[in-house]
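Here is the file upload_30.pdb (PDB, C-alpha atoms).
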ATOM      1  CA  MET A  29      -6.497 -12.521 -12.808
ATOM      2  CA  ALA A  30      -7.949  -9.029 -12.884
ATOM      3  CA  TYR A  31     -11.044  -8.532 -10.768
ATOM      4  CA  ASN A  32     -13.717  -5.865 -11.069
ATOM      5  CA  THR A  33     -12.812  -3.182  -8.504
ATOM      6  CA  PRO A  34     -14.979  -0.062  -8.988
ATOM      7  CA  SER A  35     -13.114   3.137  -8.152
ATOM      8  CA  ASP A  36     -16.065   4.751  -6.338
ATOM      9  CA  LEU A  37     -16.057   2.128  -3.563
ATOM     10  CA  ARG A  38     -13.869   1.497  -0.507
ATOM     11  CA  TYR A  39     -12.667  -1.977   0.424
ATOM     12  CA  SER A  40     -11.717  -3.950   3.530
ATOM     13  CA  LYS A  41      -8.890  -6.464   3.700
ATOM     14  CA  THR A  42     -11.552  -9.076   4.520
ATOM     15  CA  HIS A  43     -13.033  -8.467   1.035
ATOM     16  CA  GLU A  44     -16.145  -6.458   1.793
ATOM     17  CA  TRP A  45     -16.942  -3.270  -0.125
ATOM     18  CA  VAL A  46     -18.545  -0.030   1.073
ATOM     19  CA  ARG A  47     -20.480   2.507  -0.985
ATOM     20  CA  HIS A  48     -21.463   5.789   0.684
ATOM     21  CA  GLU A  49     -25.016   6.908  -0.119
ATOM     22  CA  GLY A  50     -25.993   9.998   1.848
ATOM     23  CA  ASP A  51     -25.746   9.283   5.573
ATOM     24  CA  GLU A  52     -25.780   5.513   4.988
ATOM     25  CA  VAL A  53     -23.414   2.939   3.532
ATOM     26  CA  VAL A  54     -24.172  -0.108   1.426
ATOM     27  CA  ILE A  55     -22.065  -3.225   2.066
ATOM     28  CA  GLY A  56     -21.409  -6.393   0.060
ATOM     29  CA  ILE A  57     -18.585  -8.758  -0.858
ATOM     30  CA  THR A  58     -16.067  -8.045  -3.575
ATOM     31  CA  ASP A  59     -15.684  -9.617  -6.987
ATOM     32  CA  TYR A  60     -12.482 -11.276  -5.711
ATOM     33  CA  ALA A  61     -14.372 -12.793  -2.745
ATOM     34  CA  GLN A  62     -17.185 -14.204  -4.853
ATOM     35  CA  HIS A  63     -14.638 -15.706  -7.302
ATOM     36  CA  ALA A  64     -12.714 -17.293  -4.421
ATOM     37  CA  LEU A  65     -15.893 -18.722  -2.875
ATOM     38  CA  GLY A  66     -17.417 -20.087  -6.063
ATOM     39  CA  ASP A  67     -21.178 -20.445  -6.419
ATOM     40  CA  VAL A  68     -22.834 -18.975  -3.318
ATOM     41  CA  VAL A  69     -25.658 -21.205  -2.039
ATOM     42  CA  TYR A  70     -26.590 -19.585   1.303
ATOM     43  CA  VAL A  71     -26.225 -16.269   3.075
ATOM     44  CA  GLU A  72     -27.048 -15.381   6.675
ATOM     45  CA  LEU A  73     -27.500 -11.669   7.374
ATOM     46  CA  PRO A  74     -28.534  -9.703  10.477
ATOM     47  CA  ALA A  75     -32.018  -8.276  10.967
ATOM     48  CA  VAL A  76     -32.955  -4.652  10.369
ATOM     49  CA  GLY A  77     -32.320  -2.778  13.619
ATOM     50  CA  ALA A  78     -29.320  -4.919  14.573
ATOM     51  CA  THR A  79     -26.014  -3.256  15.411
ATOM     52  CA  VAL A  80     -22.841  -4.235  13.564
ATOM     53  CA  THR A  81     -19.344  -3.523  14.845
ATOM     54  CA  ALA A  82     -16.384  -2.706  12.604
ATOM     55  CA  GLY A  83     -14.052  -5.691  12.303
ATOM     56  CA  GLU A  84     -16.552  -8.176  13.749
ATOM     57  CA  SER A  85     -18.627 -10.813  11.988
ATOM     58  CA  PHE A  86     -22.115  -9.780  10.883
ATOM     59  CA  GLY A  87     -23.088 -12.899   8.962
ATOM     60  CA  VAL A  88     -22.042 -15.917   6.952
ATOM     61  CA  VAL A  89     -21.827 -16.714   3.271
ATOM     62  CA  GLU A  90     -21.659 -20.339   2.128
ATOM     63  CA  SER A  91     -20.682 -21.690  -1.246
ATOM     64  CA  VAL A  92     -20.249 -25.124  -2.736
ATOM     65  CA  LYS A  93     -16.570 -24.886  -1.697
ATOM     66  CA  ALA A  94     -16.509 -23.090   1.669
ATOM     67  CA  SER A  95     -18.235 -21.180   4.422
ATOM     68  CA  SER A  96     -16.913 -17.744   5.304
ATOM     69  CA  ASP A  97     -17.743 -15.129   7.902
ATOM     70  CA  LEU A  98     -18.725 -11.673   6.709
ATOM     71  CA  TYR A  99     -17.014  -8.809   8.559
ATOM     72  CA  ALA A 100     -18.452  -5.358   9.073
ATOM     73  CA  PRO A 101     -16.241  -2.651   7.558
ATOM     74  CA  VAL A 102     -18.088  -0.019   9.630
ATOM     75  CA  SER A 103     -19.982   0.127  12.910
ATOM     76  CA  GLY A 104     -23.608   1.154  12.894
ATOM     77  CA  GLU A 105     -27.263   0.223  12.767
ATOM     78  CA  VAL A 106     -28.596  -2.037  10.017
ATOM     79  CA  VAL A 107     -31.344  -0.068   8.254
ATOM     80  CA  ALA A 108     -31.971  -2.486   5.347
ATOM     81  CA  VAL A 109     -31.105  -6.056   4.394
ATOM     82  CA  ASN A 110     -31.218  -7.510   0.892
ATOM     83  CA  THR A 111     -33.872 -10.126   1.701
ATOM     84  CA  ALA A 112     -33.971 -11.264  -1.948
ATOM     85  CA  LEU A 113     -30.668 -13.068  -1.249
ATOM     86  CA  GLU A 114     -32.449 -15.452   1.155
ATOM     87  CA  SER A 115     -34.087 -17.283  -1.749
ATOM     88  CA  ASP A 116     -31.690 -16.471  -4.610
ATOM     89  CA  GLN A 117     -27.977 -16.004  -3.908
ATOM     90  CA  SER A 118     -26.921 -15.782  -7.580
ATOM     91  CA  PRO A 119     -26.679 -11.948  -7.577
ATOM     92  CA  ILE A 120     -23.730 -12.272  -5.164
ATOM     93  CA  ASN A 121     -21.809 -14.055  -7.932
ATOM     94  CA  ASN A 122     -23.319 -12.304 -10.959
ATOM     95  CA  ASP A 123     -23.553  -8.695  -9.721
ATOM     96  CA  PRO A 124     -21.643  -8.330  -6.413
ATOM     97  CA  TYR A 125     -21.620  -4.504  -6.557
ATOM     98  CA  GLY A 126     -25.246  -4.134  -7.656
ATOM     99  CA  ALA A 127     -28.074  -6.607  -7.014
ATOM    100  CA  GLY A 128     -25.747  -8.637  -4.758
ATOM    101  CA  TRP A 129     -25.534  -5.928  -2.051
ATOM    102  CA  MET A 130     -26.095  -7.292   1.455
ATOM    103  CA  LEU A 131     -26.653  -4.539   4.038
ATOM    104  CA  ARG A 132     -27.442  -0.871   4.313
ATOM    105  CA  VAL A 133     -26.004   0.600   7.525
ATOM    106  CA  ARG A 134     -26.263   3.984   9.230
ATOM    107  CA  PRO A 135     -22.654   4.331  10.482
ATOM    108  CA  THR A 136     -21.772   5.487  13.975
ATOM    109  CA  GLY A 137     -18.316   6.739  13.005
ATOM    110  CA  GLU A 138     -16.042   3.794  13.681
ATOM    111  CA  SER A 139     -14.720   1.880  10.686
ATOM    112  CA  GLU A 140     -12.032  -0.531   9.674
ATOM    113  CA  GLU A 141      -9.133   0.856   7.673
ATOM    114  CA  LEU A 142     -10.650   0.933   4.198
ATOM    115  CA  LEU A 143      -8.654   0.826   0.988
ATOM    116  CA  ASP A 144      -9.270   2.689  -2.240
ATOM    117  CA  ALA A 145      -9.697   0.624  -5.416
ATOM    118  CA  GLU A 146      -6.044   0.843  -6.452
ATOM    119  CA  SER A 147      -4.779  -0.240  -3.019
ATOM    120  CA  TYR A 148      -7.316  -3.075  -2.809
ATOM    121  CA  ALA A 149      -6.388  -4.327  -6.300
ATOM    122  CA  ALA A 150      -2.708  -4.359  -5.270
ATOM    123  CA  PHE A 151      -3.608  -6.216  -2.040
ATOM    124  CA  VAL A 152      -5.563  -8.852  -3.990
ATOM    125  CA  ALA A 153      -2.750  -9.227  -6.536
ATOM    126  CA  GLU A 154      -0.350 -10.072  -3.687
ATOM    127  CA  ILE A 155      -2.579 -12.825  -2.256
ATOM    128  CA  ASP A 156      -3.877 -14.176  -5.580
ATOM    129  CA  HIS A 157      -0.812 -15.788  -7.059
TER     130      HIS A 157
END

Here is the file; what I need is its structure written in the form of structure tokens.
Amino acid sequence: MAYNTPSDLRYSKTHEWVRHEGDEVVIGITDYAQHALGDVVYVELPAVGATVTAGESFGVVESVKASSDLYAPVSGEVVAVNTALESDQSPINNDPYGAGWMLRVRPTGESEELLDAESYAAFVAEIDH
């Protein structure tokens, strides 16, 4: 199956995406991840002001099928959280790169090895067969 993988984003091998906006990054889960999870019914995110560390869990997403940790693709300070997802998780499934964003982080420099869209699509194709 072909998944939506916008070319202007960077991707982690744990299926989070990163969009650079000025001196901050926006983070969410990929189209592949939301398809694999199924309907998301709960999300647990850190508070504004919290510190996230690249490669470490920053929250949890639960679906009707599974619960999965969310991993920070970059280290930094959380400057905004999509609080709308606390009461309505459907944007994670319906618009993972838009209204389904999860965190806005001011990075401190350290990041996971991030893939471009083509490399991420190839990675997903290998595991999705």

Can you write out as CSV which residues of range 112-134 of chain A fall within 12 Å of range 77-82 of chain A, alongside each residue's closest atom pair and its distance in Å to one decimal, counting all atoms listed in the file and ordering rows by chain and ascending residue number?
residue,atom,partner,partner_atom,distance
A:Leu131,CA,A:Val80,CA,10.3
A:Arg132,CA,A:Gly77,CA,10.7
A:Val133,CA,A:Val80,CA,8.4
A:Arg134,CA,A:Thr79,CA,9.5

Given the file shown, enumerate the residues that the PyMOL selection byres ((chain A and resi 152) around 12) captures and present them as a PyMOL selection string.
-> chain A and resi 29-33+39-43+58-61+63-64+143+145-151+153-157

How would you write, as a ChimeraX atom specification, the residues chosen by the PyMOL selection byres ((chain A and resi 96-108) around 9) on this structure?
-> /A:39-40,42-46,52-53,55-57,65,73-91,94-95,109-111,130-142

How many Å separate CA of Asn121 in chain A from CA of Gln62 in chain A?
-> 5.6 Å

Residue nearest Gly126 in chain A among A:Pro34, A:Asp67, A:Lys93, A:Asp144 (counting all atoms listed in the file) | A:Pro34

Kindly give the distance, in Å, that separates CA of Glu114 in chain A and CA of Tyr70 in chain A, rounded to a single decimal.
-> 7.2 Å

Considering all atoms listed in the file, return as a list in words whatever protein or nucleic-acid residues lie within 8 Å of Gln117 in chain A, sequence-local ones (same chain, fewer than 2 positions apart) excluded.
->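 With the cut-off at 8 Å, the set is Val68, Val69, Tyr70, Val71, Ala112, Leu113, Glu114, Ser115, Pro119, Ile120, Asn121 and Gly128 of chain A.
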
Between CA of Val92 in chain A and CA of Gly66 in chain A - distance in Å to one decimal | 6.7 Å
